[in-house]
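input.cif follows; it contains mmCIF, C-alpha atoms.
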data_structure
loop_
_atom_site.group_PDB
_atom_site.id
_atom_site.type_symbol
_atom_site.label_atom_id
_atom_site.label_comp_id
_atom_site.auth_asym_id
_atom_site.auth_seq_id
_atom_site.Cartn_x
_atom_site.Cartn_y
_atom_site.Cartn_z
ATOM 1 C CA MET A 33 -50.553 31.487 -30.410
ATOM 2 C CA LEU A 34 -52.859 31.290 -27.410
ATOM 3 C CA VAL A 35 -53.349 34.485 -25.402
ATOM 4 C CA PHE A 36 -55.363 34.161 -22.193
ATOM 5 C CA PRO A 37 -57.142 36.996 -20.338
ATOM 6 C CA LEU A 38 -56.125 38.070 -16.869
ATOM 7 C CA LEU A 39 -57.964 36.271 -14.091
ATOM 8 C CA THR A 40 -59.055 38.179 -11.004
ATOM 9 C CA ALA A 41 -58.298 37.173 -7.427
ATOM 10 C CA ALA A 42 -58.232 38.938 -4.094
ATOM 11 C CA GLU A 43 -54.486 38.590 -3.690
ATOM 12 C CA SER A 44 -52.039 41.411 -3.086
ATOM 13 C CA PRO A 45 -48.991 41.356 -5.360
ATOM 14 C CA ALA A 46 -45.956 39.653 -3.824
ATOM 15 C CA VAL A 47 -43.573 41.597 -6.078
ATOM 16 C CA GLY A 48 -43.993 44.657 -8.261
ATOM 17 C CA PRO A 49 -44.474 44.559 -12.053
ATOM 18 C CA GLU A 50 -41.040 46.105 -12.562
ATOM 19 C CA ILE A 51 -39.470 42.684 -11.980
ATOM 20 C CA ASN A 52 -40.902 41.546 -15.334
ATOM 21 C CA ALA A 53 -41.124 44.848 -17.210
ATOM 22 C CA TYR A 54 -37.883 44.426 -19.158
ATOM 23 C CA TYR A 55 -39.053 41.155 -20.738
ATOM 24 C CA HIS A 56 -41.925 42.793 -22.624
ATOM 25 C CA GLY A 57 -41.068 43.915 -26.138
ATOM 26 C CA THR A 58 -37.510 42.748 -25.627
ATOM 27 C CA ASP A 59 -34.950 41.276 -28.019
ATOM 28 C CA PRO A 60 -34.906 37.536 -27.231
ATOM 29 C CA SER A 61 -31.452 37.092 -28.753
ATOM 30 C CA ARG A 62 -30.020 39.379 -26.077
ATOM 31 C CA TRP A 63 -31.503 37.234 -23.324
ATOM 32 C CA GLN A 64 -30.452 34.043 -25.065
ATOM 33 C CA GLY A 65 -26.870 35.159 -24.565
ATOM 34 C CA ILE A 66 -27.596 35.642 -20.855
ATOM 35 C CA PHE A 67 -29.726 32.581 -20.141
ATOM 36 C CA GLU A 68 -27.979 30.075 -22.404
ATOM 37 C CA ARG A 69 -24.334 30.537 -21.532
ATOM 38 C CA ASP A 70 -21.563 28.566 -19.913
ATOM 39 C CA GLY A 71 -21.303 29.398 -16.225
ATOM 40 C CA ARG A 72 -25.041 29.610 -15.590
ATOM 41 C CA GLU A 73 -25.729 26.574 -13.460
ATOM 42 C CA VAL A 74 -29.034 25.532 -15.014
ATOM 43 C CA PHE A 75 -27.482 25.766 -18.481
ATOM 44 C CA ASP A 76 -24.376 23.827 -17.530
ATOM 45 C CA ARG A 77 -26.477 21.098 -15.912
ATOM 46 C CA ARG A 78 -29.427 21.125 -18.292
ATOM 47 C CA LEU A 79 -28.965 17.483 -19.285
ATOM 48 C CA ASP A 80 -28.722 16.414 -15.632
ATOM 49 C CA ILE A 81 -31.934 18.317 -14.941
ATOM 50 C CA LEU A 82 -33.619 16.716 -17.938
ATOM 51 C CA SER A 83 -32.598 13.258 -16.705
ATOM 52 C CA ALA A 84 -33.811 13.958 -13.159
ATOM 53 C CA LEU A 85 -37.277 14.856 -14.486
ATOM 54 C CA GLN A 86 -37.691 11.313 -15.848
ATOM 55 C CA ILE A 87 -39.461 12.438 -18.990
ATOM 56 C CA ARG A 88 -41.145 9.794 -21.123
ATOM 57 C CA PRO A 89 -42.361 9.915 -24.724
ATOM 58 C CA GLY A 90 -45.947 11.081 -24.945
ATOM 59 C CA MET A 91 -45.834 13.289 -21.853
ATOM 60 C CA ARG A 92 -47.383 16.744 -21.821
ATOM 61 C CA ILE A 93 -45.013 19.271 -20.240
ATOM 62 C CA ALA A 94 -45.511 22.977 -19.586
ATOM 63 C CA ASP A 95 -42.422 25.146 -19.187
ATOM 64 C CA VAL A 96 -43.899 28.065 -17.227
ATOM 65 C CA GLY A 97 -41.626 31.073 -17.519
ATOM 66 C CA ALA A 98 -40.036 29.530 -20.574
ATOM 67 C CA GLY A 99 -37.833 32.531 -21.326
ATOM 68 C CA THR A 100 -35.716 31.863 -24.404
ATOM 69 C CA GLY A 101 -36.806 28.231 -24.592
ATOM 70 C CA LEU A 102 -33.724 26.511 -23.191
ATOM 71 C CA PHE A 103 -35.748 23.757 -21.541
ATOM 72 C CA THR A 104 -38.880 23.948 -23.692
ATOM 73 C CA LEU A 105 -37.004 22.788 -26.760
ATOM 74 C CA LEU A 106 -35.349 19.967 -24.807
ATOM 75 C CA PHE A 107 -38.783 18.906 -23.552
ATOM 76 C CA ALA A 108 -40.268 18.959 -27.059
ATOM 77 C CA GLU A 109 -37.531 16.650 -28.286
ATOM 78 C CA ALA A 110 -37.748 14.354 -25.246
ATOM 79 C CA VAL A 111 -41.527 13.766 -25.357
ATOM 80 C CA GLY A 112 -41.506 13.008 -29.071
ATOM 81 C CA PRO A 113 -44.234 13.519 -31.668
ATOM 82 C CA SER A 114 -46.919 11.973 -29.438
ATOM 83 C CA GLY A 115 -46.214 14.419 -26.598
ATOM 84 C CA ARG A 116 -46.626 18.142 -26.139
ATOM 85 C CA ALA A 117 -44.319 20.872 -24.856
ATOM 86 C CA TYR A 118 -46.026 24.120 -23.861
ATOM 87 C CA ALA A 119 -43.898 27.259 -24.019
ATOM 88 C CA VAL A 120 -45.584 29.483 -21.417
ATOM 89 C CA ASP A 121 -44.392 33.021 -20.784
ATOM 90 C CA VAL A 122 -45.810 36.482 -20.098
ATOM 91 C CA SER A 123 -43.527 37.891 -22.811
ATOM 92 C CA GLU A 124 -44.997 37.645 -26.303
ATOM 93 C CA ALA A 125 -41.502 38.253 -27.692
ATOM 94 C CA PHE A 126 -40.111 35.211 -25.879
ATOM 95 C CA VAL A 127 -42.984 32.959 -26.923
ATOM 96 C CA ALA A 128 -42.758 34.028 -30.572
ATOM 97 C CA SER A 129 -39.013 33.403 -30.554
ATOM 98 C CA ILE A 130 -39.424 29.908 -29.076
ATOM 99 C CA ARG A 131 -42.019 29.077 -31.720
ATOM 100 C CA GLN A 132 -39.575 30.160 -34.439
ATOM 101 C CA ARG A 133 -36.720 28.135 -32.918
ATOM 102 C CA ALA A 134 -38.944 25.052 -32.670
ATOM 103 C CA ALA A 135 -39.990 25.380 -36.313
ATOM 104 C CA ALA A 136 -36.345 25.723 -37.363
ATOM 105 C CA GLU A 137 -35.542 22.506 -35.499
ATOM 106 C CA GLY A 138 -38.507 20.659 -36.993
ATOM 107 C CA LEU A 139 -40.319 20.325 -33.662
ATOM 108 C CA THR A 140 -44.029 20.210 -34.440
ATOM 109 C CA ASN A 141 -45.237 19.340 -30.935
ATOM 110 C CA LEU A 142 -44.584 22.723 -29.324
ATOM 111 C CA VAL A 143 -47.575 24.774 -28.178
ATOM 112 C CA PRO A 144 -46.921 28.517 -27.611
ATOM 113 C CA VAL A 145 -48.892 30.157 -24.789
ATOM 114 C CA VAL A 146 -48.748 33.815 -23.753
ATOM 115 C CA ASN A 147 -50.052 33.802 -20.198
ATOM 116 C CA ARG A 148 -50.823 36.425 -17.580
ATOM 117 C CA GLN A 149 -49.622 36.908 -14.021
ATOM 118 C CA LYS A 150 -52.630 35.220 -12.420
ATOM 119 C CA SER A 151 -52.909 32.273 -14.778
ATOM 120 C CA ALA A 152 -50.651 29.785 -16.529
ATOM 121 C CA GLY A 153 -53.093 29.886 -19.447
ATOM 122 C CA LEU A 154 -53.477 26.106 -19.623
ATOM 123 C CA GLU A 155 -56.628 24.032 -19.876
ATOM 124 C CA PRO A 156 -57.668 22.011 -16.793
ATOM 125 C CA GLY A 157 -55.974 18.620 -16.588
ATOM 126 C CA SER A 158 -54.013 19.273 -19.771
ATOM 127 C CA VAL A 159 -50.442 18.557 -18.589
ATOM 128 C CA ASP A 160 -48.510 15.865 -16.725
ATOM 129 C CA LEU A 161 -45.585 18.028 -15.603
ATOM 130 C CA VAL A 162 -45.147 21.741 -14.979
ATOM 131 C CA PHE A 163 -41.559 22.978 -14.890
ATOM 132 C CA VAL A 164 -40.690 26.366 -13.357
ATOM 133 C CA CYS A 165 -37.008 27.325 -13.595
ATOM 134 C CA ASP A 166 -35.679 30.543 -12.007
ATOM 135 C CA THR A 167 -39.180 31.966 -12.429
ATOM 136 C CA TYR A 168 -41.072 31.413 -9.181
ATOM 137 C CA HIS A 169 -39.648 34.624 -7.722
ATOM 138 C CA HIS A 170 -41.051 36.457 -10.774
ATOM 139 C CA PHE A 171 -44.643 35.466 -9.988
ATOM 140 C CA GLU A 172 -46.399 38.680 -9.064
ATOM 141 C CA TYR A 173 -49.365 36.689 -7.725
ATOM 142 C CA PRO A 174 -47.890 33.342 -6.619
ATOM 143 C CA GLY A 175 -51.094 32.160 -4.943
ATOM 144 C CA ALA A 176 -53.197 32.592 -8.071
ATOM 145 C CA MET A 177 -50.462 31.204 -10.306
ATOM 146 C CA ILE A 178 -49.927 28.045 -8.258
ATOM 147 C CA ALA A 179 -53.695 27.495 -8.086
ATOM 148 C CA SER A 180 -53.822 27.802 -11.873
ATOM 149 C CA ILE A 181 -50.928 25.359 -12.269
ATOM 150 C CA ARG A 182 -52.629 22.883 -9.938
ATOM 151 C CA GLU A 183 -55.793 23.043 -12.024
ATOM 152 C CA ALA A 184 -53.813 22.534 -15.243
ATOM 153 C CA LEU A 185 -52.138 19.373 -13.942
ATOM 154 C CA ALA A 186 -53.737 15.995 -14.405
ATOM 155 C CA PRO A 187 -54.351 14.053 -11.164
ATOM 156 C CA GLY A 188 -50.985 12.742 -9.970
ATOM 157 C CA GLY A 189 -49.163 15.285 -12.125
ATOM 158 C CA ARG A 190 -45.897 16.817 -10.977
ATOM 159 C CA LEU A 191 -44.667 20.359 -10.379
ATOM 160 C CA ALA A 192 -40.888 20.821 -10.519
ATOM 161 C CA ILE A 193 -39.374 24.066 -9.299
ATOM 162 C CA ILE A 194 -35.813 25.295 -9.621
ATOM 163 C CA ASP A 195 -34.971 28.650 -8.122
ATOM 164 C CA PHE A 196 -32.080 30.537 -6.571
ATOM 165 C CA ARG A 197 -30.931 29.698 -3.080
ATOM 166 C CA ARG A 198 -31.663 32.702 -0.889
ATOM 167 C CA ASP A 199 -29.628 32.349 2.277
ATOM 168 C CA PRO A 200 -28.850 35.539 4.217
ATOM 169 C CA GLY A 201 -25.181 35.624 5.056
ATOM 170 C CA THR A 202 -24.106 33.422 2.161
ATOM 171 C CA SER A 203 -26.125 34.411 -0.923
ATOM 172 C CA HIS A 204 -24.960 37.221 -3.193
ATOM 173 C CA PRO A 205 -26.493 40.630 -2.324
ATOM 174 C CA TRP A 206 -28.180 40.699 -5.750
ATOM 175 C CA ILE A 207 -30.007 37.460 -4.924
ATOM 176 C CA LEU A 208 -31.104 38.786 -1.537
ATOM 177 C CA GLY A 209 -32.524 41.906 -3.185
ATOM 178 C CA HIS A 210 -34.020 40.251 -6.256
ATOM 179 C CA VAL A 211 -35.440 36.965 -4.992
ATOM 180 C CA ARG A 212 -38.513 37.288 -2.797
ATOM 181 C CA ALA A 213 -38.499 33.974 -0.944
ATOM 182 C CA GLY A 214 -36.118 31.195 -0.034
ATOM 183 C CA ARG A 215 -36.525 27.453 -0.426
ATOM 184 C CA ARG A 216 -38.438 26.858 2.826
ATOM 185 C CA THR A 217 -40.955 29.618 2.117
ATOM 186 C CA VAL A 218 -41.534 28.381 -1.421
ATOM 187 C CA ILE A 219 -42.127 24.821 -0.223
ATOM 188 C CA ASP A 220 -44.595 26.039 2.413
ATOM 189 C CA GLU A 221 -46.503 28.151 -0.131
ATOM 190 C CA ILE A 222 -46.853 25.282 -2.575
ATOM 191 C CA LYS A 223 -47.880 22.775 0.077
ATOM 192 C CA ARG A 224 -50.578 25.189 1.253
ATOM 193 C CA ALA A 225 -51.873 25.208 -2.332
ATOM 194 C CA GLY A 226 -52.600 21.488 -2.064
ATOM 195 C CA PHE A 227 -49.422 19.892 -3.395
ATOM 196 C CA GLU A 228 -47.478 17.063 -1.792
ATOM 197 C CA LEU A 229 -43.716 17.524 -1.470
ATOM 198 C CA GLU A 230 -41.898 14.610 -3.110
ATOM 199 C CA ASP A 231 -38.154 15.079 -3.083
ATOM 200 C CA GLU A 232 -35.123 17.004 -4.275
ATOM 201 C CA PRO A 233 -34.306 15.070 -7.442
ATOM 202 C CA LEU A 234 -30.952 16.754 -8.055
ATOM 203 C CA LYS A 235 -28.549 18.667 -5.843
ATOM 204 C CA LEU A 236 -27.489 22.007 -7.291
ATOM 205 C CA ARG A 237 -25.058 24.615 -6.031
ATOM 206 C CA ASP A 238 -26.585 28.034 -6.715
ATOM 207 C CA ASN A 239 -30.150 26.777 -7.044
ATOM 208 C CA TYR A 240 -32.438 24.320 -5.315
ATOM 209 C CA PHE A 241 -34.593 21.795 -7.185
ATOM 210 C CA VAL A 242 -37.759 20.483 -5.540
ATOM 211 C CA SER A 243 -40.536 18.267 -6.882
ATOM 212 C CA PHE A 244 -44.198 18.208 -5.854
ATOM 213 C CA ARG A 245 -47.175 16.081 -6.850
ATOM 214 C CA LYS A 246 -50.837 16.905 -7.251
ATOM 215 C CA PRO A 247 -52.858 14.337 -5.261
ATOM 216 C CA ARG A 248 -54.922 11.915 -7.321
ATOM 217 C CA LEU A 249 -58.006 12.349 -5.162
#

Can you dump the structure from the file as structure tokens?
Amino acid sequence: MLVFPLLTAAESPAVGPEINAYYHGTDPSRWQGIFERDGREVFDRRLDILSALQIRPGMRIADVGAGTGLFTLLFAEAVGPSGRAYAVDVSEAFVASIRQRAAAEGLTNLVPVVNRQKSAGLEPGSVDLVFVCDTYHHFEYPGAMIASIREALAPGGRLAIIDFRRDPGTSHPWILGHVRAGRRTVIDEIKRAGFELEDEPLKLRDNYFVSFRKPRL
């Protein structure tokens, strides 16, 4: 298991550490029942999301904020033995659990990575796609994290983000209190980090799904 040191950057935290505190030393099976359940939109539409990502055998995909491994395991199967699926999370408990689930399913192409809040913990140019699902609002240092993701992507690589719609007046009060930024703000932040906005590959109800590309030059 790879464990990367915390990088330093002159960036004030966008959210407090309490937003992630309950994932450390947690019981992954408890969260599996929360994250991988009927009624959660990204679970119900996981195969639609997988199709929209246009994954090919041999690709290298990093699931940043992998949680219980819902998408990481799908990625590992989709890219095949010649590809790689990186399970990236700040929670050692989550990463260890994903590694165990992958071994039980005979998936030998999964790479577990325990990262830190200012780094995705990935080598430069090591991945073709970074997937961030319902996790962007958990980035305590989004500027440093997106810069790290950009460095980890190969030229022309893609960044796909799914997160909760945050629309005052229509979103649930829990979303308004829990989620730092809405779709427009997130897009602006990522474009400022040097990414090109591509499209919205799939329309979702409770979430938005946007795709970006790292320029080749």

Please expand the PyMOL selection byres ((chain A and resi 129) around 10) into the concrete residues it hits in this file, giving the result as number ranges by chain.
A: 59-61, 99-101, 124-128, 130-135, 144

Output for the residues just chosen: C-alpha atoms as a compact mmCIF listing (two decimals), keeping the file's coordinate frame:
# COMPACT_ATOMS: atom_id res chain seq x y z
CA ASP A 59 -34.95 41.28 -28.02
CA PRO A 60 -34.91 37.54 -27.23
CA SER A 61 -31.45 37.09 -28.75
CA GLY A 99 -37.83 32.53 -21.33
CA THR A 100 -35.72 31.86 -24.40
CA GLY A 101 -36.81 28.23 -24.59
CA GLU A 124 -45.00 37.65 -26.30
CA ALA A 125 -41.50 38.25 -27.69
CA PHE A 126 -40.11 35.21 -25.88
CA VAL A 127 -42.98 32.96 -26.92
CA ALA A 128 -42.76 34.03 -30.57
CA ILE A 130 -39.42 29.91 -29.08
CA ARG A 131 -42.02 29.08 -31.72
CA GLN A 132 -39.58 30.16 -34.44
CA ARG A 133 -36.72 28.14 -32.92
CA ALA A 134 -38.94 25.05 -32.67
CA ALA A 135 -39.99 25.38 -36.31
CA PRO A 144 -46.92 28.52 -27.61

Evaluate the PyMOL selection byres ((chain A and resi 163) around 9) and report residues as a PyMOL selection string:
chain A and resi 93-98+103+161-162+164-165+190-194

Please produce a file of the residues just selected, as an mmCIF file, in the frame of the given file, where the atoms kept are C-alpha atoms.
data_model
loop_
_atom_site.group_PDB
_atom_site.id
_atom_site.type_symbol
_atom_site.label_atom_id
_atom_site.label_comp_id
_atom_site.auth_asym_id
_atom_site.auth_seq_id
_atom_site.Cartn_x
_atom_site.Cartn_y
_atom_site.Cartn_z
ATOM 1 C CA ILE A 93 -45.013 19.271 -20.240
ATOM 2 C CA ALA A 94 -45.511 22.977 -19.586
ATOM 3 C CA ASP A 95 -42.422 25.146 -19.187
ATOM 4 C CA VAL A 96 -43.899 28.065 -17.227
ATOM 5 C CA GLY A 97 -41.626 31.073 -17.519
ATOM 6 C CA ALA A 98 -40.036 29.530 -20.574
ATOM 7 C CA PHE A 103 -35.748 23.757 -21.541
ATOM 8 C CA LEU A 161 -45.585 18.028 -15.603
ATOM 9 C CA VAL A 162 -45.147 21.741 -14.979
ATOM 10 C CA VAL A 164 -40.690 26.366 -13.357
ATOM 11 C CA CYS A 165 -37.008 27.325 -13.595
ATOM 12 C CA ARG A 190 -45.897 16.817 -10.977
ATOM 13 C CA LEU A 191 -44.667 20.359 -10.379
ATOM 14 C CA ALA A 192 -40.888 20.821 -10.519
ATOM 15 C CA ILE A 193 -39.374 24.066 -9.299
ATOM 16 C CA ILE A 194 -35.813 25.295 -9.621
#

Just want the 7 Å neighbourhood of A:Asn147, counted on all atoms listed in the file, with same-chain residues fewer than 2 positions away dropped. Output as a ChimeraX atom specification.
/A:35-36,120-122,145,149,151-153

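Atom CA of A:Ser44 to atom CA of A:Phe171 spans 11.7 Å [interatomic distance, one decimal].
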
Would you kindly return, as a ChimeraX atom specification, each protein, DNA or RNA residue with an atom no farther than 9 Å from any atom of stretch 203-220 of chain A, considering all atoms listed in the file and excluding same-chain residues fewer than 5 positions away?
/A:46-47,51,168-170,195-198,225,229,238,240,242,244

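When all atoms listed in the file are used to measure the gap to A:Glu232, the shortest distance among A:Asp160, A:Ile81, A:Gly175, A:Ala108 belongs to A:Ile81.
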
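Of the residues under consideration (A:Gly189, A:Gly48, A:Gly201, A:Pro174), A:Gly189 shows the shortest atom-to-atom contact distance to A:Arg92 when counting all atoms listed in the file.
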
Please tell me which residues are no farther than 7 Å from (-60.0, 19.3, -18.1) in the file, counting only C-alpha atoms, and write them as a PyMOL selection string.
chain A and resi 155-158

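Atom pair atom CA of A:Leu154 / atom CA of A:Glu68: separated by 26.0 Å.
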
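Pairwise distance (atom CA of A:Pro45, atom CA of A:Arg62) equals 28.2 Å.
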
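Residue neighbourhood of A:Leu79, excluding near-sequence residues (fewer than 4 positions): A:Glu73, A:Val74, A:Phe75, A:Ser83, A:Ala84, A:Leu85, A:Gln86, A:Ile87, A:Leu102, A:Phe103, A:Leu106, A:Phe107, A:Ala110, A:Leu234, at 12 Å, using all atoms listed in the file.
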
Grab the residues selected above and save them as a PDB file, in the frame of the given file with C-alpha atoms.
ATOM      1  CA  GLU A  73     -25.729  26.574 -13.460  1.00  0.00           C
ATOM      2  CA  VAL A  74     -29.034  25.532 -15.014  1.00  0.00           C
ATOM      3  CA  PHE A  75     -27.482  25.766 -18.481  1.00  0.00           C
ATOM      4  CA  SER A  83     -32.598  13.258 -16.705  1.00  0.00           C
ATOM      5  CA  ALA A  84     -33.811  13.958 -13.159  1.00  0.00           C
ATOM      6  CA  LEU A  85     -37.277  14.856 -14.486  1.00  0.00           C
ATOM      7  CA  GLN A  86     -37.691  11.313 -15.848  1.00  0.00           C
ATOM      8  CA  ILE A  87     -39.461  12.438 -18.990  1.00  0.00           C
ATOM      9  CA  LEU A 102     -33.724  26.511 -23.191  1.00  0.00           C
ATOM     10  CA  PHE A 103     -35.748  23.757 -21.541  1.00  0.00           C
ATOM     11  CA  LEU A 106     -35.349  19.967 -24.807  1.00  0.00           C
ATOM     12  CA  PHE A 107     -38.783  18.906 -23.552  1.00  0.00           C
ATOM     13  CA  ALA A 110     -37.748  14.354 -25.246  1.00  0.00           C
ATOM     14  CA  LEU A 234     -30.952  16.754  -8.055  1.00  0.00           C
TER      15      LEU A 234
END

Considering only C-alpha atoms, state which residue in the set A:Asp166, A:Pro233, A:Asn141, A:Ala53 is at the smallest distance from A:Phe67.
A:Asp166

In terms of all atoms listed in the file, the residue from A:Ala119, A:Ile66, A:Ala42, A:Leu105 at minimal distance from A:Arg78 is A:Leu105

Within 9 Å of (-48.9, 18.4, -6.7) in the file's own coordinates, which protein, DNA or RNA residues have an atom, counting all atoms listed in the file? List them as a PyMOL selection string.
chain A and resi 182+185+187-191+222-223+225-230+243-248
